[in-house]
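A.B. asks: Supplied structure: data29.cif, mmCIF, C-alpha atoms.
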data_final
#
loop_
_atom_site.group_PDB
_atom_site.id
_atom_site.type_symbol
_atom_site.label_atom_id
_atom_site.label_comp_id
_atom_site.auth_asym_id
_atom_site.auth_seq_id
_atom_site.Cartn_x
_atom_site.Cartn_y
_atom_site.Cartn_z
ATOM 1 C CA MET A 26 0.000 0.000 0.000
ATOM 2 C CA THR A 27 1.296 3.430 -0.862
ATOM 3 C CA GLY A 28 0.133 6.972 -0.252
ATOM 4 C CA PRO A 29 -0.473 9.033 2.853
ATOM 5 C CA SER A 30 -2.692 6.502 4.641
ATOM 6 C CA ALA A 31 0.048 3.857 4.474
ATOM 7 C CA GLN A 32 2.080 5.762 7.073
ATOM 8 C CA ARG A 33 -0.841 6.273 9.476
ATOM 9 C CA PRO A 34 -1.564 3.716 12.203
ATOM 10 C CA GLY A 35 -4.166 1.249 11.000
ATOM 11 C CA GLY A 36 -4.090 2.864 7.549
ATOM 12 C CA LEU A 37 -6.538 5.474 8.833
ATOM 13 C CA GLY A 38 -7.528 8.404 6.698
ATOM 14 C CA LEU A 39 -9.699 9.390 3.740
ATOM 15 C CA ALA A 40 -10.188 12.621 1.845
ATOM 16 C CA THR A 41 -13.471 14.274 2.773
ATOM 17 C CA SER A 42 -15.300 13.211 -0.402
ATOM 18 C CA GLU A 43 -13.594 9.831 -0.902
ATOM 19 C CA VAL A 44 -15.361 6.537 -0.280
ATOM 20 C CA ARG A 45 -13.077 3.534 0.022
ATOM 21 C CA LEU A 46 -13.411 0.457 2.191
ATOM 22 C CA SER A 47 -10.418 -1.213 3.804
ATOM 23 C CA PRO A 48 -10.240 -4.729 5.214
ATOM 24 C CA TYR A 49 -10.707 -4.864 8.977
ATOM 25 C CA ASP A 50 -7.531 -4.063 10.888
ATOM 26 C CA PRO A 51 -7.320 -5.251 14.530
ATOM 27 C CA VAL A 52 -5.337 -2.110 15.409
ATOM 28 C CA TRP A 53 -8.562 -0.107 14.905
ATOM 29 C CA ALA A 54 -9.862 -1.395 18.260
ATOM 30 C CA GLU A 55 -6.791 -0.091 20.092
ATOM 31 C CA LEU A 56 -6.871 3.226 18.227
ATOM 32 C CA GLY A 57 -10.585 3.493 19.007
ATOM 33 C CA GLU A 58 -9.925 3.005 22.731
ATOM 34 C CA GLN A 59 -7.208 5.669 22.637
ATOM 35 C CA GLU A 60 -9.497 8.100 20.824
ATOM 36 C CA CYS A 61 -12.339 7.433 23.287
ATOM 37 C CA ALA A 62 -9.996 8.195 26.181
ATOM 38 C CA ALA A 63 -8.842 11.429 24.519
ATOM 39 C CA VAL A 64 -12.436 12.564 23.914
ATOM 40 C CA HIS A 65 -13.429 11.642 27.469
ATOM 41 C CA ASP A 66 -10.460 13.602 28.855
ATOM 42 C CA LEU A 67 -11.367 16.686 26.820
ATOM 43 C CA LEU A 68 -15.057 16.556 27.726
ATOM 44 C CA GLY A 69 -14.334 15.853 31.395
ATOM 45 C CA ASP A 70 -17.453 15.949 33.551
ATOM 46 C CA LEU A 71 -19.675 16.540 30.505
ATOM 47 C CA ALA A 72 -19.049 12.992 29.233
ATOM 48 C CA ILE A 73 -21.526 10.362 30.388
ATOM 49 C CA ASP A 74 -20.127 7.740 28.033
ATOM 50 C CA VAL A 75 -17.796 7.548 25.041
ATOM 51 C CA MET A 76 -17.787 4.583 22.656
ATOM 52 C CA HIS A 77 -16.012 3.483 19.509
ATOM 53 C CA ALA A 78 -18.860 2.906 17.051
ATOM 54 C CA GLY A 79 -19.201 2.338 13.338
ATOM 55 C CA SER A 80 -17.641 -0.365 11.226
ATOM 56 C CA THR A 81 -14.078 0.127 12.504
ATOM 57 C CA ALA A 82 -15.426 -1.068 15.874
ATOM 58 C CA VAL A 83 -16.811 -4.327 14.459
ATOM 59 C CA PRO A 84 -14.275 -7.156 14.156
ATOM 60 C CA GLY A 85 -14.029 -8.609 10.668
ATOM 61 C CA ILE A 86 -16.037 -6.036 8.722
ATOM 62 C CA ALA A 87 -14.586 -3.871 5.962
ATOM 63 C CA ALA A 88 -14.835 -0.172 6.751
ATOM 64 C CA LYS A 89 -13.972 3.300 5.622
ATOM 65 C CA PRO A 90 -10.679 3.823 7.477
ATOM 66 C CA ILE A 91 -12.057 6.550 9.736
ATOM 67 C CA LEU A 92 -12.740 5.973 13.432
ATOM 68 C CA ASP A 93 -16.270 6.875 14.509
ATOM 69 C CA ILE A 94 -16.462 7.867 18.146
ATOM 70 C CA VAL A 95 -19.754 8.637 19.887
ATOM 71 C CA ALA A 96 -19.782 10.735 23.038
ATOM 72 C CA VAL A 97 -22.952 11.083 25.062
ATOM 73 C CA VAL A 98 -23.571 14.145 27.209
ATOM 74 C CA GLY A 99 -26.494 15.353 29.279
ATOM 75 C CA ASP A 100 -29.434 16.611 27.266
ATOM 76 C CA SER A 101 -29.131 20.124 28.709
ATOM 77 C CA VAL A 102 -25.399 20.561 27.956
ATOM 78 C CA GLN A 103 -24.770 23.587 25.756
ATOM 79 C CA ILE A 104 -23.283 23.081 22.285
ATOM 80 C CA ASP A 105 -20.761 25.879 22.837
ATOM 81 C CA GLU A 106 -19.346 24.120 25.898
ATOM 82 C CA VAL A 107 -18.945 20.782 24.070
ATOM 83 C CA VAL A 108 -17.382 22.410 21.017
ATOM 84 C CA GLY A 109 -15.125 24.594 23.161
ATOM 85 C CA ARG A 110 -13.738 21.663 25.090
ATOM 86 C CA LEU A 111 -13.206 19.394 22.102
ATOM 87 C CA CYS A 112 -11.651 22.124 19.966
ATOM 88 C CA ALA A 113 -9.531 23.714 22.732
ATOM 89 C CA THR A 114 -6.376 21.753 21.924
ATOM 90 C CA GLY A 115 -6.778 21.979 18.152
ATOM 91 C CA ALA A 116 -7.187 18.194 17.915
ATOM 92 C CA TYR A 117 -10.738 18.431 16.555
ATOM 93 C CA GLU A 118 -12.557 20.782 14.228
ATOM 94 C CA TYR A 119 -16.286 21.455 14.531
ATOM 95 C CA GLU A 120 -18.247 20.558 11.379
ATOM 96 C CA GLY A 121 -21.779 21.364 12.571
ATOM 97 C CA ASP A 122 -24.891 19.882 14.117
ATOM 98 C CA ARG A 123 -26.291 16.882 12.212
ATOM 99 C CA GLY A 124 -29.310 16.685 14.529
ATOM 100 C CA ASP A 125 -30.944 13.248 14.590
ATOM 101 C CA ASP A 126 -28.514 12.078 11.889
ATOM 102 C CA GLY A 127 -25.516 11.970 14.210
ATOM 103 C CA GLY A 128 -25.528 14.907 16.608
ATOM 104 C CA LEU A 129 -22.666 17.374 16.741
ATOM 105 C CA LEU A 130 -19.881 16.380 14.357
ATOM 106 C CA LEU A 131 -16.240 17.098 15.073
ATOM 107 C CA VAL A 132 -13.392 15.763 12.971
ATOM 108 C CA ARG A 133 -9.703 15.034 13.349
ATOM 109 C CA GLY A 134 -7.408 15.118 10.375
ATOM 110 C CA THR A 135 -5.029 17.175 8.312
ATOM 111 C CA GLY A 136 -6.328 19.294 5.465
ATOM 112 C CA GLU A 137 -8.823 17.220 3.496
ATOM 113 C CA LEU A 138 -7.724 13.954 5.156
ATOM 114 C CA ARG A 139 -10.043 12.733 7.921
ATOM 115 C CA THR A 140 -9.000 10.064 10.426
ATOM 116 C CA VAL A 141 -11.622 10.473 13.175
ATOM 117 C CA HIS A 142 -15.249 11.580 13.353
ATOM 118 C CA VAL A 143 -16.599 12.396 16.817
ATOM 119 C CA HIS A 144 -20.385 12.462 17.147
ATOM 120 C CA VAL A 145 -21.722 14.089 20.315
ATOM 121 C CA VAL A 146 -25.309 13.228 21.219
ATOM 122 C CA GLY A 147 -27.615 13.771 24.160
ATOM 123 C CA LYS A 148 -28.288 10.980 26.641
ATOM 124 C CA GLY A 149 -31.990 10.955 25.804
ATOM 125 C CA SER A 150 -31.522 11.097 22.036
ATOM 126 C CA ARG A 151 -32.722 8.531 19.556
ATOM 127 C CA ALA A 152 -29.258 8.730 17.949
ATOM 128 C CA TRP A 153 -27.616 7.395 21.138
ATOM 129 C CA VAL A 154 -30.027 4.467 21.337
ATOM 130 C CA ASP A 155 -29.509 3.694 17.648
ATOM 131 C CA TYR A 156 -25.703 3.896 17.802
ATOM 132 C CA ARG A 157 -25.642 1.353 20.632
ATOM 133 C CA ARG A 158 -28.271 -0.933 19.088
ATOM 134 C CA PHE A 159 -26.618 -0.947 15.679
ATOM 135 C CA HIS A 160 -23.174 -1.658 17.093
ATOM 136 C CA THR A 161 -24.549 -4.585 19.128
ATOM 137 C CA LEU A 162 -26.494 -5.869 16.112
ATOM 138 C CA LEU A 163 -23.399 -5.899 13.891
ATOM 139 C CA VAL A 164 -21.235 -7.581 16.523
ATOM 140 C CA ASP A 165 -23.818 -10.235 17.442
ATOM 141 C CA ASN A 166 -25.643 -10.978 14.170
ATOM 142 C CA ASP A 167 -23.679 -12.552 11.290
ATOM 143 C CA ALA A 168 -26.476 -12.099 8.739
ATOM 144 C CA ALA A 169 -26.929 -8.406 9.574
ATOM 145 C CA ARG A 170 -23.173 -7.822 9.474
ATOM 146 C CA GLN A 171 -22.837 -9.563 6.098
ATOM 147 C CA ARG A 172 -25.774 -7.693 4.577
ATOM 148 C CA TYR A 173 -24.468 -4.362 5.828
ATOM 149 C CA GLU A 174 -20.975 -5.018 4.500
ATOM 150 C CA SER A 175 -22.341 -6.139 1.124
ATOM 151 C CA VAL A 176 -24.445 -2.991 0.777
ATOM 152 C CA LYS A 177 -21.480 -0.822 1.797
ATOM 153 C CA ARG A 178 -19.282 -2.472 -0.839
ATOM 154 C CA ASP A 179 -21.892 -1.857 -3.549
ATOM 155 C CA LEU A 180 -22.377 1.750 -2.463
ATOM 156 C CA ALA A 181 -18.628 2.403 -2.340
ATOM 157 C CA LEU A 182 -18.426 1.328 -5.980
ATOM 158 C CA GLN A 183 -21.459 3.439 -6.875
ATOM 159 C CA TYR A 184 -20.312 6.578 -5.008
ATOM 160 C CA PRO A 185 -16.481 6.511 -4.871
ATOM 161 C CA HIS A 186 -16.246 10.312 -4.700
ATOM 162 C CA ASP A 187 -19.546 11.280 -3.103
ATOM 163 C CA ARG A 188 -19.447 10.574 0.627
ATOM 164 C CA ARG A 189 -22.767 12.355 1.221
ATOM 165 C CA ALA A 190 -24.661 10.139 -1.254
ATOM 166 C CA TYR A 191 -22.914 7.041 0.126
ATOM 167 C CA THR A 192 -23.865 7.941 3.699
ATOM 168 C CA GLN A 193 -27.485 8.716 2.797
ATOM 169 C CA ALA A 194 -27.894 5.455 0.891
ATOM 170 C CA LYS A 195 -26.215 3.503 3.693
ATOM 171 C CA GLY A 196 -28.688 5.051 6.143
ATOM 172 C CA THR A 197 -31.503 3.184 4.433
ATOM 173 C CA VAL A 198 -30.039 -0.248 5.193
ATOM 174 C CA ILE A 199 -29.171 0.823 8.742
ATOM 175 C CA ARG A 200 -32.812 1.777 9.361
ATOM 176 C CA GLU A 201 -34.001 -1.484 7.771
ATOM 177 C CA LEU A 202 -31.664 -3.608 9.888
ATOM 178 C CA LEU A 203 -32.630 -1.791 13.078
ATOM 179 C CA ALA A 204 -36.335 -2.114 12.264
ATOM 180 C CA ALA A 205 -35.956 -5.853 11.627
ATOM 181 C CA ALA A 206 -34.009 -6.401 14.850
ATOM 182 C CA GLU A 207 -35.901 -7.091 18.003
ATOM 183 C CA PRO A 208 -36.287 -4.027 20.190
ATOM 184 C CA PRO A 209 -33.770 -3.984 23.044
ATOM 185 C CA THR A 210 -35.157 -5.496 26.235
ATOM 186 C CA GLY A 211 -35.666 -2.879 28.909
ATOM 187 C CA ALA A 212 -34.208 -0.169 26.676
ATOM 188 C CA HIS A 213 -34.812 3.373 27.665
ATOM 189 C CA THR A 214 -33.621 6.671 26.334
ATOM 190 C CA GLY A 215 -33.165 8.510 29.590
#
In structure tokens, write the structure found in this file.

C.D. replies:
Amino acid sequence: MTGPSAQRPGGLGLATSEVRLSPYDPVWAELGEQECAAVHDLLGDLAIDVMHAGSTAVPGIAAKPILDIVAVVGDSVQIDEVVGRLCATGAYEYEGDRGDDGGLLLVRGTGELRTVHVHVVGKGSRAWVDYRRFHTLLVDNDAARQRYESVKRDLALQYPHDRRAYTQAKGTVIRELLAAAEPPTGAHTG
């Protein structure tokens, strides 16, 4: 492998519009833990939980080589405080509020190259419930994992330079898989 991502741990990094899947790399789990700890440290008492989510957190599945980290904060925490803490060191850049489609988005990278996406959601949000449910579904259900990976591969071929279209199309299968899965026992959003 050549190019800028070859020198990055775990081969992490994609240009902002690029869609490319990489074979699962076990180092992603370790890098995800390190990134979770860094986000938790920056958020301090605002952080209720921080998890490595997305395909890089699922053993064996091909993924875009970008770590997805989800941080949950109290529902009344102010956006400015979250953004201020995560951007204070210059490690992350604020990209905006994606609302129900992922919460606040902050990114780590250099120039157009992205290595980490941090999604900050409220404890009572549907996004938080869905992030956890989908991660568990992919880890525990071979058929769901295989279907998701197959759809991602097809979409990566269809949208190699249009991350927005790829993400929107991928959202459809995520919703379908979550709808088909049994609701979590005793789940609550608060």

A.B. asks: In file coordinates, which residues lie within 9 Å of (-15.2, -6.1, 10.8) using only C-alpha atoms, given as a list of chain:residue names?

C.D. replies: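 Protein, DNA and RNA residues close to (-15.2, -6.1, 10.8): A:Pro48, A:Tyr49, A:Asp50, A:Pro51, A:Ser80, A:Thr81, A:Ala82, A:Val83, A:Pro84, A:Gly85, A:Ile86, A:Ala87, A:Ala88, A:Leu163, A:Val164, A:Arg170, A:Glu174.
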
A.B. asks: Just say which residues the PyMOL selection byres ((chain A and resi 91) around 6) picks in this file, as a ChimeraX atom specification.

C.D. replies: /A:37-38,89-90,92,140-141

A.B. asks: So how far away is atom CA of A:Leu202 from atom CA of A:Lys177, in Å?

C.D. replies: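 Taking atom CA of A:Lys177 and atom CA of A:Leu202, their separation equals 13.3 Å.
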
A.B. asks: Go through A:Val198, A:Leu138, A:Tyr119, A:Gly124 and flag the residue nearest A:Ala169, using all atoms listed in the file for the distances.

C.D. replies: A:Val198

A.B. asks: Which residues are close to stretch 178-195 of chain A, i.e. within 6 Å by all atoms listed in the file, leaving aside same-chain residues fewer than 3 positions away? Reply as an MDAnalysis selection string.

C.D. replies: chainID A and resid 42:44 175 198

A.B. asks: So that all listed atoms of stretch 141-159 of chain A fit with 5 Å spare on each side, what axis-aligned box centre and edge lengths in Å, to one decimal, would you give as JSON?

C.D. replies:
{"center_x": -22.2, "center_y": 6.6, "center_z": 19.9, "size_x": 31.1, "size_y": 25.0, "size_z": 23.5}

A.B. asks: Translate the PyMOL selection byres ((chain A and resi 98) around 12) into a concrete residue list for this structure, as a ChimeraX atom specification.

C.D. replies: /A:64-65,68-75,95-97,99-104,106-107,128-129,144-150,153,215

A.B. asks: Given the choices A:Val176, A:Leu162, A:Ala116, A:Ala152, which gets closest to A:Arg139 if the distance is worked out from only C-alpha atoms?

C.D. replies: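 Of A:Val176, A:Leu162, A:Ala116, A:Ala152, the one nearest A:Arg139 is A:Ala116, counting only C-alpha atoms.
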
A.B. asks: If you measure from atom CA of A:Thr161 to atom CA of A:Ala63, what distance in Å do you get, rounded to one decimal?

C.D. replies: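 It comes out at 23.1 Å.
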
A.B. asks: For the atom pair atom CA of A:Ala40 and atom CA of A:Trp53, what is the interatomic distance in Å to one decimal place?

C.D. replies: 18.3 Å

A.B. asks: With all atoms listed in the file as the atoms that count, which of A:Val52, A:Asp165, A:Ala78, A:Glu120 lies nearest to A:Val108?

C.D. replies: A:Glu120

A.B. asks: Hey, which of A:Ala168, A:His142, A:Gly134, A:Arg151 ends up closest to A:His77? Count all atoms listed in the file.

C.D. replies: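 Using all atoms listed in the file, A:His77 sits closest to A:His142.
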